[in-house]
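**Student:** Contents of final18.txt (compact mmCIF, C-alpha atoms and all ligand atoms) are given next:
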# COMPACT_ATOMS: atom_id res chain seq x y z
CA MET Y 1 9.12 -24.67 6.71
CA LYS Y 2 12.51 -24.22 8.34
CA VAL Y 3 13.49 -26.95 10.78
CA LYS Y 4 16.39 -26.36 13.13
CA LEU Y 5 18.32 -29.53 14.00
CA ARG Y 6 21.09 -29.86 16.57
CA ASN Y 7 24.40 -31.66 16.97
CA PRO Y 8 25.55 -30.36 14.57
CA GLU Y 9 23.31 -27.30 14.44
CA ARG Y 10 21.74 -26.83 10.97
CA LEU Y 11 18.56 -25.61 9.20
CA VAL Y 12 16.71 -27.86 6.78
CA ASP Y 13 13.66 -27.15 4.59
CA VAL Y 14 10.62 -29.41 4.86
CA PRO Y 15 7.53 -28.62 2.75
CA GLY Y 16 4.36 -28.02 4.79
CA PRO Y 17 1.74 -28.24 6.00
CA VAL Y 18 2.55 -31.56 7.66
CA SER Y 19 1.95 -33.13 11.06
CA VAL Y 20 4.84 -33.36 13.53
CA HIS Y 21 4.75 -37.11 13.03
CA GLN Y 22 5.16 -36.81 9.24
CA MET Y 23 7.89 -34.20 9.55
CA LEU Y 24 9.94 -36.50 11.80
CA ALA Y 25 9.37 -39.43 9.44
CA THR Y 26 10.57 -37.29 6.49
CA LEU Y 27 13.73 -36.45 8.41
CA ASP Y 28 14.14 -40.07 9.54
CA ILE Y 29 14.18 -39.08 13.20
CA ASN Y 30 13.13 -41.46 15.98
CA PRO Y 31 10.35 -39.57 17.86
CA GLU Y 32 11.63 -41.21 21.06
CA THR Y 33 14.76 -39.13 20.93
CA VAL Y 34 13.46 -35.57 20.44
CA LEU Y 35 11.15 -32.78 21.52
CA VAL Y 36 9.49 -30.65 18.84
CA ILE Y 37 9.15 -26.95 19.59
CA HIS Y 38 6.97 -24.67 17.43
CA ASP Y 39 6.74 -20.95 18.30
CA GLY Y 40 8.45 -21.58 21.64
CA THR Y 41 5.88 -24.22 22.67
CA LEU Y 42 6.15 -28.00 22.83
CA VAL Y 43 3.90 -29.74 20.33
CA THR Y 44 2.63 -33.34 20.09
CA LYS Y 45 2.70 -35.72 17.15
CA ASP Y 46 -0.65 -34.74 15.58
CA HIS Y 47 0.01 -31.00 15.65
CA VAL Y 48 -0.01 -29.62 12.09
CA LEU Y 49 2.89 -27.38 11.14
CA PRO Y 50 2.15 -24.75 8.45
CA ASP Y 51 4.50 -24.21 5.53
CA ASP Y 52 5.91 -20.99 7.01
CA ALA Y 53 6.55 -22.53 10.44
CA ARG Y 54 9.90 -22.27 12.19
CA VAL Y 55 10.41 -25.42 14.16
CA GLU Y 56 13.13 -26.75 16.43
CA VAL Y 57 13.77 -30.47 16.81
CA ARG Y 58 15.66 -30.74 20.08
CA PRO Y 59 17.49 -33.99 20.84
CA VAL Y 60 16.79 -35.49 24.25
CA ILE Y 61 16.46 -39.27 23.89
CA SER Y 62 13.31 -41.10 25.17
CA GLY Y 63 9.51 -40.48 24.91
CA GLY Y 64 6.42 -41.80 23.12
CA ALA Y 65 2.90 -41.36 21.87
CA GLY Y 66 -0.50 -40.93 23.47
CA PRO Y 67 -3.77 -39.03 23.45
CA ALA Y 68 -3.83 -35.34 22.53
CA LYS Y 69 -5.67 -34.15 25.65
CA CYS Y 70 -4.22 -33.90 29.14
CA THR Y 71 -5.08 -37.16 30.87
CA HIS Y 72 -5.65 -35.28 34.13
CA CYS Y 73 -7.57 -32.08 33.30
CA LYS Y 74 -8.55 -32.61 29.63
CA ALA Y 75 -6.90 -29.36 28.52
CA PRO Y 76 -4.86 -29.60 25.30
CA SER Y 77 -1.70 -31.60 26.02
CA ILE Y 78 1.82 -30.51 25.18
CA ILE Y 79 3.69 -33.73 25.93
CA GLU Y 80 2.95 -37.43 25.78
CA ILE Y 81 4.68 -40.00 27.98
CA ALA Y 82 4.04 -43.43 26.51
CA ARG Y 83 5.52 -45.18 29.56
CA HIS Y 84 2.68 -43.81 31.68
CA ARG Y 85 0.13 -44.02 28.83
CA ALA Y 86 -0.53 -40.35 29.59
CA ALA Y 87 -0.42 -36.88 28.10
CA TYR Y 88 -0.04 -33.69 30.08
CA CYS Y 89 -0.73 -29.98 29.85
CA ALA Y 90 2.08 -27.76 31.17
CA ASP Y 91 0.71 -27.45 34.73
CA CYS Y 92 -0.14 -31.14 35.12
CA PHE Y 93 3.26 -32.06 33.66
CA THR Y 94 5.06 -29.94 36.27
CA ASP Y 95 2.95 -31.67 38.95
CA HIS Y 96 3.87 -35.05 37.44
CA VAL Y 97 7.60 -34.24 37.68
CA ARG Y 98 7.27 -33.15 41.31
CA ALA Y 99 5.17 -36.23 42.14
CA GLN Y 100 7.86 -38.51 40.70
CA VAL Y 101 10.55 -36.72 42.74
CA ARG Y 102 8.39 -36.97 45.90
CA ASP Y 103 7.91 -40.67 45.23
CA ALA Y 104 11.67 -41.21 44.79
CA VAL Y 105 12.46 -39.28 47.98
CA ARG Y 106 9.89 -41.27 49.97
CA ARG Y 107 10.87 -44.72 48.67
CA TYR Y 108 14.52 -44.26 49.61
CA ASP Y 109 14.23 -41.79 52.48
CA MET Y 110 16.56 -39.53 50.49
CA MET Y 111 16.26 -36.25 52.35
CA SER Y 112 14.20 -34.13 54.70
CA TYR Y 113 13.29 -30.45 54.69
CA ASP Y 114 15.87 -29.86 57.45
CA ASP Y 115 18.75 -31.29 55.42
CA ARG Y 116 21.25 -29.06 53.65
CA ILE Y 117 21.48 -30.40 50.10
CA LEU Y 118 24.26 -29.85 47.57
CA VAL Y 119 23.15 -30.28 43.96
CA ALA Y 120 25.83 -31.11 41.40
CA VAL Y 121 24.94 -28.73 38.56
CA SER Y 122 26.56 -29.06 35.12
CA GLY Y 123 24.45 -26.63 33.10
CA GLY Y 124 22.62 -29.51 31.40
CA LYS Y 125 18.87 -30.07 31.56
CA ASP Y 126 18.85 -32.73 34.28
CA SER Y 127 20.86 -31.03 36.99
CA LEU Y 128 19.24 -27.62 36.45
CA ALA Y 129 15.77 -29.19 36.46
CA LEU Y 130 16.65 -31.05 39.66
CA TRP Y 131 17.83 -27.89 41.39
CA ASP Y 132 14.68 -26.09 40.22
CA VAL Y 133 12.32 -28.84 41.43
CA LEU Y 134 14.03 -29.05 44.83
CA LEU Y 135 13.94 -25.26 45.31
CA ASP Y 136 10.27 -25.12 44.25
CA MET Y 137 9.43 -27.94 46.67
CA GLY Y 138 11.00 -25.95 49.52
CA TYR Y 139 14.23 -27.91 50.05
CA ARG Y 140 17.39 -26.16 51.26
CA ALA Y 141 19.30 -26.82 48.06
CA ASP Y 142 22.59 -25.13 47.06
CA GLY Y 143 24.44 -25.81 43.81
CA MET Y 144 27.98 -26.71 42.87
CA TYR Y 145 29.55 -26.33 39.43
CA LEU Y 146 32.86 -27.91 38.45
CA GLY Y 147 34.74 -26.16 35.60
CA LEU Y 148 36.13 -28.91 33.35
CA GLY Y 149 38.12 -26.62 31.02
CA ILE Y 150 36.41 -27.90 27.84
CA GLY Y 151 36.69 -24.64 25.83
CA SER Y 152 33.52 -22.73 24.91
CA TYR Y 153 31.37 -25.66 26.06
CA SER Y 154 32.54 -25.15 29.65
CA ASP Y 155 32.37 -21.32 29.40
CA ASN Y 156 28.79 -21.54 28.18
CA SER Y 157 27.78 -24.08 30.85
CA GLU Y 158 29.27 -21.98 33.64
CA LYS Y 159 27.46 -18.85 32.48
CA ILE Y 160 24.13 -20.70 32.32
CA VAL Y 161 24.59 -22.07 35.84
CA ARG Y 162 25.69 -18.69 37.24
CA ASP Y 163 22.70 -16.95 35.61
CA TYR Y 164 20.28 -19.54 36.98
CA ALA Y 165 21.68 -19.25 40.52
CA GLU Y 166 21.50 -15.47 40.36
CA ALA Y 167 17.93 -15.46 39.03
CA ARG Y 168 16.83 -17.78 41.86
CA GLY Y 169 18.95 -16.06 44.52
CA ALA Y 170 20.49 -19.47 45.26
CA THR Y 171 23.96 -20.26 46.64
CA LEU Y 172 26.42 -21.64 44.10
CA HIS Y 173 29.89 -23.12 44.77
CA LEU Y 174 32.23 -22.78 41.80
CA VAL Y 175 35.28 -25.05 41.59
CA ASP Y 176 37.78 -25.02 38.74
CA LEU Y 177 39.36 -28.41 38.03
CA ALA Y 178 42.60 -26.88 36.70
CA GLY Y 179 42.85 -24.33 39.51
CA GLU Y 180 42.13 -26.84 42.27
CA TYR Y 181 43.72 -30.03 40.95
CA GLY Y 182 46.20 -28.91 38.26
CA TYR Y 183 44.64 -30.43 35.12
CA ASP Y 184 41.60 -30.08 32.90
CA ILE Y 185 39.65 -32.71 30.97
CA PRO Y 186 41.21 -32.09 27.51
CA GLN Y 187 44.64 -32.67 29.11
CA ALA Y 188 43.44 -36.06 30.33
CA THR Y 189 42.75 -37.26 26.76
CA GLY Y 190 44.67 -40.33 25.64
CA LEU Y 191 45.45 -41.61 29.12
CA LYS Y 192 45.98 -45.38 28.94
CA GLY Y 193 43.10 -47.36 30.41
CA ARG Y 194 40.80 -44.41 31.13
CA SER Y 195 38.64 -42.45 28.66
CA SER Y 196 38.17 -38.67 29.00
CA CYS Y 197 34.64 -39.36 30.23
CA GLY Y 198 36.03 -41.82 32.77
CA VAL Y 199 38.42 -39.19 34.14
CA CYS Y 200 35.65 -36.59 34.01
CA GLY Y 201 33.24 -38.75 36.03
CA LEU Y 202 35.91 -39.63 38.57
CA SER Y 203 36.90 -35.96 38.96
CA LYS Y 204 33.29 -34.84 39.38
CA ARG Y 205 32.51 -37.46 42.03
CA TYR Y 206 35.65 -36.61 43.95
CA ALA Y 207 35.29 -32.81 43.80
CA PHE Y 208 31.57 -32.83 44.69
CA ASN Y 209 32.09 -35.10 47.65
CA LYS Y 210 34.96 -32.92 48.88
CA VAL Y 211 32.87 -29.74 48.79
CA ALA Y 212 29.91 -31.52 50.41
CA LEU Y 213 32.08 -32.69 53.30
CA GLU Y 214 34.00 -29.41 53.72
CA HIS Y 215 30.81 -27.38 53.88
CA GLY Y 216 28.91 -29.84 56.05
CA TYR Y 217 26.13 -30.73 53.58
CA ASP Y 218 23.88 -33.59 54.68
CA VAL Y 219 23.05 -34.82 51.20
CA MET Y 220 24.59 -34.62 47.75
CA ALA Y 221 22.07 -34.80 44.88
CA THR Y 222 22.85 -35.53 41.23
CA GLY Y 223 20.60 -35.24 38.17
CA HIS Y 224 20.95 -38.86 36.98
CA ASN Y 225 17.67 -39.78 35.31
CA LEU Y 226 15.93 -43.01 34.32
CA ASP Y 227 17.79 -43.16 30.99
CA ASP Y 228 21.19 -42.66 32.66
CA GLU Y 229 20.53 -45.30 35.28
CA ALA Y 230 19.04 -47.87 32.90
CA ALA Y 231 22.00 -47.40 30.51
CA GLN Y 232 24.46 -47.75 33.38
CA LEU Y 233 22.73 -50.94 34.51
CA LEU Y 234 22.77 -52.36 30.98
CA GLY Y 235 26.52 -51.65 30.76
CA ASN Y 236 27.11 -53.33 34.12
CA VAL Y 237 24.97 -56.35 33.23
CA LEU Y 238 26.63 -56.81 29.84
CA ARG Y 239 30.00 -57.18 31.58
CA TRP Y 240 28.58 -58.68 34.81
CA GLN Y 241 30.32 -56.02 36.85
CA THR Y 242 28.80 -57.19 40.09
CA PRO Y 243 30.56 -54.73 42.43
CA PHE Y 244 29.13 -51.83 40.37
CA MET Y 245 25.70 -53.47 40.32
CA ALA Y 246 25.79 -53.83 44.10
CA ARG Y 247 26.49 -50.12 44.46
CA GLN Y 248 23.95 -48.97 41.86
CA SER Y 249 21.22 -47.39 43.93
CA PRO Y 250 19.31 -44.07 43.89
CA CYS Y 251 20.44 -43.56 47.48
CA LEU Y 252 23.81 -44.41 49.01
CA PRO Y 253 24.07 -43.79 52.75
CA ARG Y 254 26.50 -41.42 54.38
CA SER Y 255 29.77 -42.80 55.68
CA GLU Y 256 32.48 -41.10 57.69
CA THR Y 257 34.14 -39.69 54.60
CA MET Y 258 31.40 -39.85 51.97
CA ALA Y 259 28.36 -37.61 51.89
CA LYS Y 260 24.99 -39.30 51.41
CA LYS Y 261 24.36 -39.51 47.64
CA VAL Y 262 20.89 -39.38 46.10
CA LYS Y 263 19.40 -39.39 42.59
CA PRO Y 264 15.89 -37.95 42.93
CA LEU Y 265 15.25 -38.00 39.13
CA TYR Y 266 15.78 -41.73 38.68
CA ARG Y 267 12.06 -42.26 37.90
CA LEU Y 268 11.97 -39.56 35.17
CA GLY Y 269 13.22 -39.88 31.59
CA GLU Y 270 15.57 -37.55 29.72
CA ARG Y 271 12.79 -36.31 27.52
CA GLU Y 272 10.75 -35.41 30.59
CA MET Y 273 13.62 -33.37 32.01
CA ALA Y 274 14.16 -31.49 28.74
CA ALA Y 275 10.41 -30.80 28.55
CA TYR Y 276 10.42 -29.56 32.16
CA CYS Y 277 13.16 -27.04 31.32
CA VAL Y 278 11.32 -25.80 28.22
CA ILE Y 279 8.06 -25.43 30.15
CA LYS Y 280 9.71 -23.65 33.07
CA GLY Y 281 11.79 -21.42 30.74
CA ILE Y 282 15.07 -22.76 32.13
CA ASP Y 283 17.98 -22.07 29.80
CA TYR Y 284 20.28 -25.10 29.59
CA VAL Y 285 23.20 -26.27 27.45
CA VAL Y 286 21.67 -28.03 24.47
CA GLU Y 287 24.95 -28.52 22.59
CA GLU Y 288 26.73 -31.79 23.24
CA CYS Y 289 30.06 -31.90 25.05
CA PRO Y 290 32.72 -32.11 22.29
CA MET Y 291 34.42 -34.95 24.19
CA VAL Y 292 31.32 -37.17 24.21
CA GLU Y 293 32.84 -39.57 21.64
CA GLY Y 294 34.39 -41.67 24.38
CA ASN Y 295 31.12 -42.04 26.29
CA THR Y 296 30.01 -45.66 25.91
CA VAL Y 297 26.82 -45.01 27.92
CA LEU Y 298 25.38 -43.27 24.85
CA ARG Y 299 25.45 -46.54 22.91
CA TYR Y 300 23.47 -48.26 25.65
CA LYS Y 301 20.99 -45.39 25.64
CA ASP Y 302 20.49 -45.81 21.89
CA ALA Y 303 19.90 -49.54 22.31
CA LEU Y 304 17.39 -49.01 25.12
CA ASN Y 305 15.59 -46.29 23.14
CA GLU Y 306 15.16 -48.67 20.26
CA LEU Y 307 13.54 -51.20 22.62
CA GLU Y 308 11.44 -48.47 24.24
CA ARG Y 309 10.20 -47.30 20.86
CA HIS Y 310 8.56 -50.67 20.26
CA SER Y 311 7.64 -51.52 23.87
CA PRO Y 312 7.09 -48.37 25.95
CA GLY Y 313 7.99 -48.98 29.57
CA THR Y 314 10.92 -51.33 28.90
CA LYS Y 315 13.52 -49.00 30.42
CA GLY Y 316 11.48 -48.50 33.58
CA GLN Y 317 10.80 -52.22 33.99
CA PHE Y 318 14.48 -53.01 33.51
CA LEU Y 319 15.71 -50.46 36.06
CA PHE Y 320 12.94 -50.61 38.66
CA GLY Y 321 12.84 -54.42 38.52
CA PHE Y 322 16.54 -54.49 39.30
CA LEU Y 323 16.33 -51.95 42.11
CA GLU Y 324 13.21 -53.34 43.76
CA ARG Y 325 13.57 -57.08 43.21
CA ALA Y 326 16.94 -58.26 41.90
CA ARG Y 327 19.35 -56.05 43.83
CA PRO Y 328 18.05 -56.81 47.35
CA GLN Y 329 18.15 -60.55 46.57
CA LEU Y 330 21.48 -60.60 44.77
CA PHE Y 331 23.39 -58.19 46.97
CA PRO Y 332 21.85 -58.15 50.45
CA ASP Y 333 25.22 -57.22 51.96
CA GLY Y 334 26.38 -54.66 49.41
CA ASP Y 335 29.72 -55.14 47.68
CA PRO Y 336 30.03 -58.90 46.87
CA GLU Y 337 33.82 -58.68 46.77
CA GLY Y 338 33.91 -57.31 50.29
CA HIS Y 339 36.63 -54.73 49.60
CA ARG Y 340 38.32 -53.36 52.69
CA LEU Y 341 38.21 -49.55 53.01
CA VAL Y 342 41.42 -47.71 53.85
CA ASP Y 343 42.42 -44.04 53.83
CA CYS Y 344 44.16 -42.76 50.70
CA ALA Y 345 47.78 -41.95 51.58
CA GLU Y 346 47.63 -38.70 49.62
CA CYS Y 347 44.22 -37.12 50.24
CA GLY Y 348 42.87 -39.14 53.19
CA MET Y 349 39.61 -40.07 51.44
CA PRO Y 350 38.44 -43.68 51.79
CA THR Y 351 39.35 -46.10 49.06
CA THR Y 352 39.18 -49.81 48.42
CA THR Y 353 42.51 -51.59 48.38
CA PRO Y 354 43.50 -52.84 44.94
CA PRO Y 355 44.01 -56.68 45.14
CA ARG Y 356 47.74 -56.54 44.33
CA GLN Y 357 48.46 -54.02 47.09
CA GLU Y 358 46.26 -55.90 49.55
CA ALA Y 359 48.44 -58.95 48.97
CA ALA Y 360 51.68 -57.01 49.35
CA GLY Y 361 50.28 -54.96 52.24
CA THR Y 362 53.30 -52.62 52.29
CA GLU Y 363 52.93 -49.85 49.69
CA PRO Y 364 50.90 -46.78 50.61
CA VAL Y 365 47.42 -47.02 49.07
CA LEU Y 366 46.20 -44.18 46.83
CA CYS Y 367 42.57 -43.67 45.88
CA ALA Y 368 41.53 -43.96 42.22
CA PHE Y 369 41.35 -40.17 41.94
CA CYS Y 370 44.86 -39.55 43.28
CA ARG Y 371 46.32 -42.37 41.16
CA THR Y 372 44.70 -40.99 38.00
CA ARG Y 373 45.56 -37.39 38.85
CA GLY Y 374 49.21 -38.38 39.39
CA ARG Y 375 49.35 -39.95 35.92
CA ILE Y 376 47.70 -36.94 34.25
CA LEU Y 377 50.05 -34.48 36.00
CA GLN Y 378 53.05 -36.46 34.72
CA VAL Y 379 51.73 -36.12 31.15
CA VAL Y 380 50.98 -32.40 31.65
CA GLN Y 381 54.47 -31.75 33.04
CA LYS Y 382 56.13 -33.69 30.21
CA ALA Y 383 54.19 -31.67 27.62
CA ALA Y 384 55.23 -28.40 29.33
CA ARG Y 385 58.95 -29.24 29.11
S1 LIG E 401 30.73 -36.09 27.74
FE1 LIG E 401 32.37 -36.99 28.95
S2 LIG E 401 33.93 -35.35 29.09
FE2 LIG E 401 32.01 -34.38 28.43
S3 LIG E 401 31.06 -33.68 30.33
FE3 LIG E 401 30.21 -35.71 29.89
S4 LIG E 401 31.52 -37.15 31.02
FE4 LIG E 401 32.61 -35.17 30.91
ZN ZN E 402 -3.73 -30.92 32.71
ZN ZN E 403 43.28 -39.74 47.28
Any chance you could give the structure as structure tokens?
Ligand code: SF4
Ligand SMILES: [Zn+2]
Ligand SMILES: [Zn+2]
**Tutor:**
Amino acid sequence: MKVKLRNPERLVDVPGPVSVHQMLATLDINPETVLVIHDGTLVTKDHVLPDDARVEVRPVISGGAGPAKCTHCKAPSIIEIARHRAAYCADCFTDHVRAQVRDAVRRYDMMSYDDRILVAVSGGKDSLALWDVLLDMGYRADGMYLGLGIGSYSDNSEKIVRDYAEARGATLHLVDLAGEYGYDIPQATGLKGRSSCGVCGLSKRYAFNKVALEHGYDVMATGHNLDDEAAQLLGNVLRWQTPFMARQSPCLPRSETMAKKVKPLYRLGEREMAAYCVIKGIDYVVEECPMVEGNTVLRYKDALNELERHSPGTKGQFLFGFLERARPQLFPDGDPEGHRLVDCAECGMPTTTPPRQEAAGTEPVLCAFCRTRGRILQVVQKAAR
């Protein structure tokens, strides 16, 4: 059979018939990290693939094993979620995703049906799935896409997001990083002290918040899932970055200059979000961002997936235990360093005072975004000369 693998995209031959489980073992692929698609349908580990099958192994990271029948309605299952010791048919799986989002919204009082919600949409599986779930559940959700200028990867992502918005008749805000702020992500490569992904994350947070405030949105929603949040927490714990740990929450309240920020997918894994998109026929960018090399979070995801493979539920216990038990005890008052908020001298957005400037108390304070942008623009101008 022909098996299509991604990142990099290639076709390999595997003799059949074999079960999905055997095929993955032959290719030395951790079943936790992929979905297997045969004839456009998701298949579970015991499904037998004939010799003439054309199969796609789609990387997602996460997952597990379980019974072959839907735990809820006993129809044939198409996906197993070891963490829940459950398997689902397509309809019950869609219900499961919505139930997890409802649960997240209720636990943290994230949003109401009256709120205007801005969803940060990148073209990846998580943000498109989030937008789709919120629209299906009847929320007033608009999208925003930030063009990062990463060659064909960005062109492809933008087209996917535009097509989705058009198909759903949904409102989409398009912002171009270079057009609005004078630089793109490839130009930010090699900046001392900040990786491309660091600059990218900072730029996204800044631009999304700006649009949310300018257009009067009540809530800003991002597609961060269980894997993202658990990996972030692991990174923070490994370096004991307590200010970041204090701020790590699926719901950060609104302030005068920051829109309320919510992560309604924090109880759902990456593999679940990829499966949701396949089931709902949502086209999303499967290729990896070519600048992903600098993304340390991926290493933490790999480590957590290895633990999850042997003890399903580890990621959830790690993250939910922190959010529900450790965080309220450790950080009852939020930021343990008690940073003072001041207005950025350049853009007026709130920022914490860096310790050195706090001591001096004289220089104008710039926010992290304006400081970083200033450094990138210097590099860009130098290169243009
Ligand atoms: S991999 Fe890094 S540079 Fe690429 S989109 Fe993600 S954060 Fe941005
Ligand atoms: Zn079912
Ligand atoms: Zn600023």
**Student:** Extract, using only C-alpha atoms, all DNA, RNA and protein residues at most 9 Å from Val20 in chain Y, discarding same-chain residues fewer than 6 positions from it, and format them as a list of chain:residue names.
**Tutor:**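 My reading of the contact set: Y:Val36, Y:Val43, Y:Thr44, Y:Lys45, Y:Asp46, Y:His47, Y:Val48, Y:Leu49.
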**Student:** Measure the distance from CA of His173 in chain Y to CA of Ala212 in chain Y in Å and round it to one decimal.
**Tutor:**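 Between these atoms lies a distance of 10.1 Å.
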**Student:** Can you check which parts of chain Y lie within 6 Å of ligand ZN 403 (chain E)? Per residue, the shortest pair of atoms and distance in Å to one decimal, counting only C-alpha atoms and all ligand atoms, sorted by chain and number, as CSV.
**Tutor:**
residue,atom,partner,partner_atom,distance
Y:Cys344,CA,E:ZN403,ZN,4.6
Y:Glu346,CA,E:ZN403,ZN,5.0
Y:Cys347,CA,E:ZN403,ZN,4.1
Y:Gly348,CA,E:ZN403,ZN,6.0
Y:Met349,CA,E:ZN403,ZN,5.6
Y:Leu366,CA,E:ZN403,ZN,5.3
Y:Cys367,CA,E:ZN403,ZN,4.2
Y:Phe369,CA,E:ZN403,ZN,5.7
Y:Cys370,CA,E:ZN403,ZN,4.3
**Student:** Could you list the protein, DNA and RNA residues that have any atom within 7 Å of ligand ZN 402 (chain E), counting only C-alpha atoms and all ligand atoms, and write them as a list of chain:residue names?
**Tutor:** Y:Cys70, Y:Thr71, Y:His72, Y:Cys73, Y:Lys74, Y:Ala75, Y:Tyr88, Y:Cys89, Y:Ala90, Y:Asp91, Y:Cys92
**Student:** Taking all atoms of range 292-300 of chain Y that the file lists and extending 3 Å past them on each side, where is the centre of the axis-aligned box and how long are its edges? Answer in Å to one decimal, as lines of an AutoDock Vina configuration file.
**Tutor:**
center_x = 28.9
center_y = -42.7
center_z = 24.8
size_x = 16.9
size_y = 17.1
size_z = 12.3
**Student:** Residues within 7 Å of ligand LIG 401 (chain E) (all atoms listed in the file), as a tab-separated table (two decimals) with C-alpha atoms, keeping the file's coordinate frame?
**Tutor:**
chain	number	residue	atom	x	y	z
Y	185	ILE	CA	39.65	-32.71	30.97
Y	196	SER	CA	38.17	-38.67	29.00
Y	197	CYS	CA	34.64	-39.36	30.23
Y	198	GLY	CA	36.03	-41.82	32.77
Y	200	CYS	CA	35.65	-36.59	34.01
Y	201	GLY	CA	33.24	-38.75	36.03
Y	289	CYS	CA	30.06	-31.90	25.05
Y	290	PRO	CA	32.72	-32.11	22.29
Y	291	MET	CA	34.42	-34.95	24.19
Y	292	VAL	CA	31.32	-37.17	24.21
Y	294	GLY	CA	34.39	-41.67	24.38
Y	295	ASN	CA	31.12	-42.04	26.29
**Student:** Between CA of Glu80 in chain Y and CA of Gly16 in chain Y, what is the spacing in Å?
**Tutor:**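 CA of Glu80 in chain Y lies 23.0 Å from CA of Gly16 in chain Y.
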**Student:** Between Y:Val219, Y:Val119, Y:Leu135, Y:Cys251, which has the minimum distance to Leu174 in chain Y (counting all atoms listed in the file)?
**Tutor:**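 Comparing Y:Val219, Y:Val119, Y:Leu135, Y:Cys251 against Leu174 in chain Y, the winner is Y:Val119.
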**Student:** With all atoms listed in the file as the atoms that count, which of Y:Gly223, Y:Pro186, Y:Pro31, Y:Gly151 lies nearest to Leu268 in chain Y?
**Tutor:**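 Comparing Y:Gly223, Y:Pro186, Y:Pro31, Y:Gly151 against Leu268 in chain Y, the winner is Y:Gly223.
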**Student:** Neighbouring residues of Leu304 in chain Y were defined as those with any atom within 12 Å, considering only C-alpha atoms; residues of the same chain fewer than 3 positions away were excluded. Please report them as a short mmCIF file (atom, residue, chain, number, x, y, z; two decimals) with C-alpha atoms, keeping the file's coordinate frame.
**Tutor:**
data_model
loop_
_atom_site.label_atom_id
_atom_site.label_comp_id
_atom_site.auth_asym_id
_atom_site.auth_seq_id
_atom_site.Cartn_x
_atom_site.Cartn_y
_atom_site.Cartn_z
CA GLU Y 32 11.63 -41.21 21.06
CA THR Y 33 14.76 -39.13 20.93
CA ILE Y 61 16.46 -39.27 23.89
CA SER Y 62 13.31 -41.10 25.17
CA GLY Y 63 9.51 -40.48 24.91
CA LEU Y 226 15.93 -43.01 34.32
CA ASP Y 227 17.79 -43.16 30.99
CA ASP Y 228 21.19 -42.66 32.66
CA GLU Y 229 20.53 -45.30 35.28
CA ALA Y 230 19.04 -47.87 32.90
CA ALA Y 231 22.00 -47.40 30.51
CA GLN Y 232 24.46 -47.75 33.38
CA LEU Y 233 22.73 -50.94 34.51
CA LEU Y 234 22.77 -52.36 30.98
CA GLY Y 235 26.52 -51.65 30.76
CA GLY Y 269 13.22 -39.88 31.59
CA VAL Y 297 26.82 -45.01 27.92
CA LEU Y 298 25.38 -43.27 24.85
CA ARG Y 299 25.45 -46.54 22.91
CA TYR Y 300 23.47 -48.26 25.65
CA LYS Y 301 20.99 -45.39 25.64
CA LEU Y 307 13.54 -51.20 22.62
CA GLU Y 308 11.44 -48.47 24.24
CA ARG Y 309 10.20 -47.30 20.86
CA HIS Y 310 8.56 -50.67 20.26
CA SER Y 311 7.64 -51.52 23.87
CA PRO Y 312 7.09 -48.37 25.95
CA GLY Y 313 7.99 -48.98 29.57
CA THR Y 314 10.92 -51.33 28.90
CA LYS Y 315 13.52 -49.00 30.42
CA GLY Y 316 11.48 -48.50 33.58
CA GLN Y 317 10.80 -52.22 33.99
CA PHE Y 318 14.48 -53.01 33.51
CA LEU Y 319 15.71 -50.46 36.06
#
**Student:** Quick one: which range 40-112 of chain Y residues come within 12 Å of range 123-127 of chain Y, and what is the nearest atom pair for each with the distance in Å to one decimal, counting all atoms listed in the file, rows ordered by chain and ascending number, as CSV?
**Tutor:**
residue,atom,partner,partner_atom,distance
Y:Arg58,CA,Y:Lys125,CA,11.9
Y:Pro59,CA,Y:Lys125,CA,11.5
Y:Val60,CA,Y:Lys125,CA,9.3
Y:Val97,CA,Y:Asp126,CA,11.8
**Student:** Generate the output file for the selected residues, C-alpha atoms, as a short mmCIF file (atom, residue, chain, number, x, y, z; two decimals), keeping the file's coordinate frame.
**Tutor:**
data_model
loop_
_atom_site.label_atom_id
_atom_site.label_comp_id
_atom_site.auth_asym_id
_atom_site.auth_seq_id
_atom_site.Cartn_x
_atom_site.Cartn_y
_atom_site.Cartn_z
CA ARG Y 58 15.66 -30.74 20.08
CA PRO Y 59 17.49 -33.99 20.84
CA VAL Y 60 16.79 -35.49 24.25
CA VAL Y 97 7.60 -34.24 37.68
#
**Student:** At a cut-off of 12 Å around the point (35.1, -35.2, 43.6) (file coordinates), what residues fall inside when counting only C-alpha atoms? I'd like the answer as JSON, numbers by chain.
**Tutor:** {"Y": [120, 144, 145, 146, 175, 176, 177, 180, 181, 199, 200, 201, 202, 203, 204, 205, 206, 207, 208, 209, 210, 211, 212, 213, 214, 220, 257, 258, 259, 347, 349, 367, 368, 369, 370, 373]}
**Student:** Neighbouring residues of Leu27 in chain Y were defined as those with any atom within 12 Å, considering only C-alpha atoms; residues of the same chain fewer than 5 positions away were excluded. Please report them as number ranges by chain.
**Tutor:** Y: 3-5, 11-15, 20-22, 57
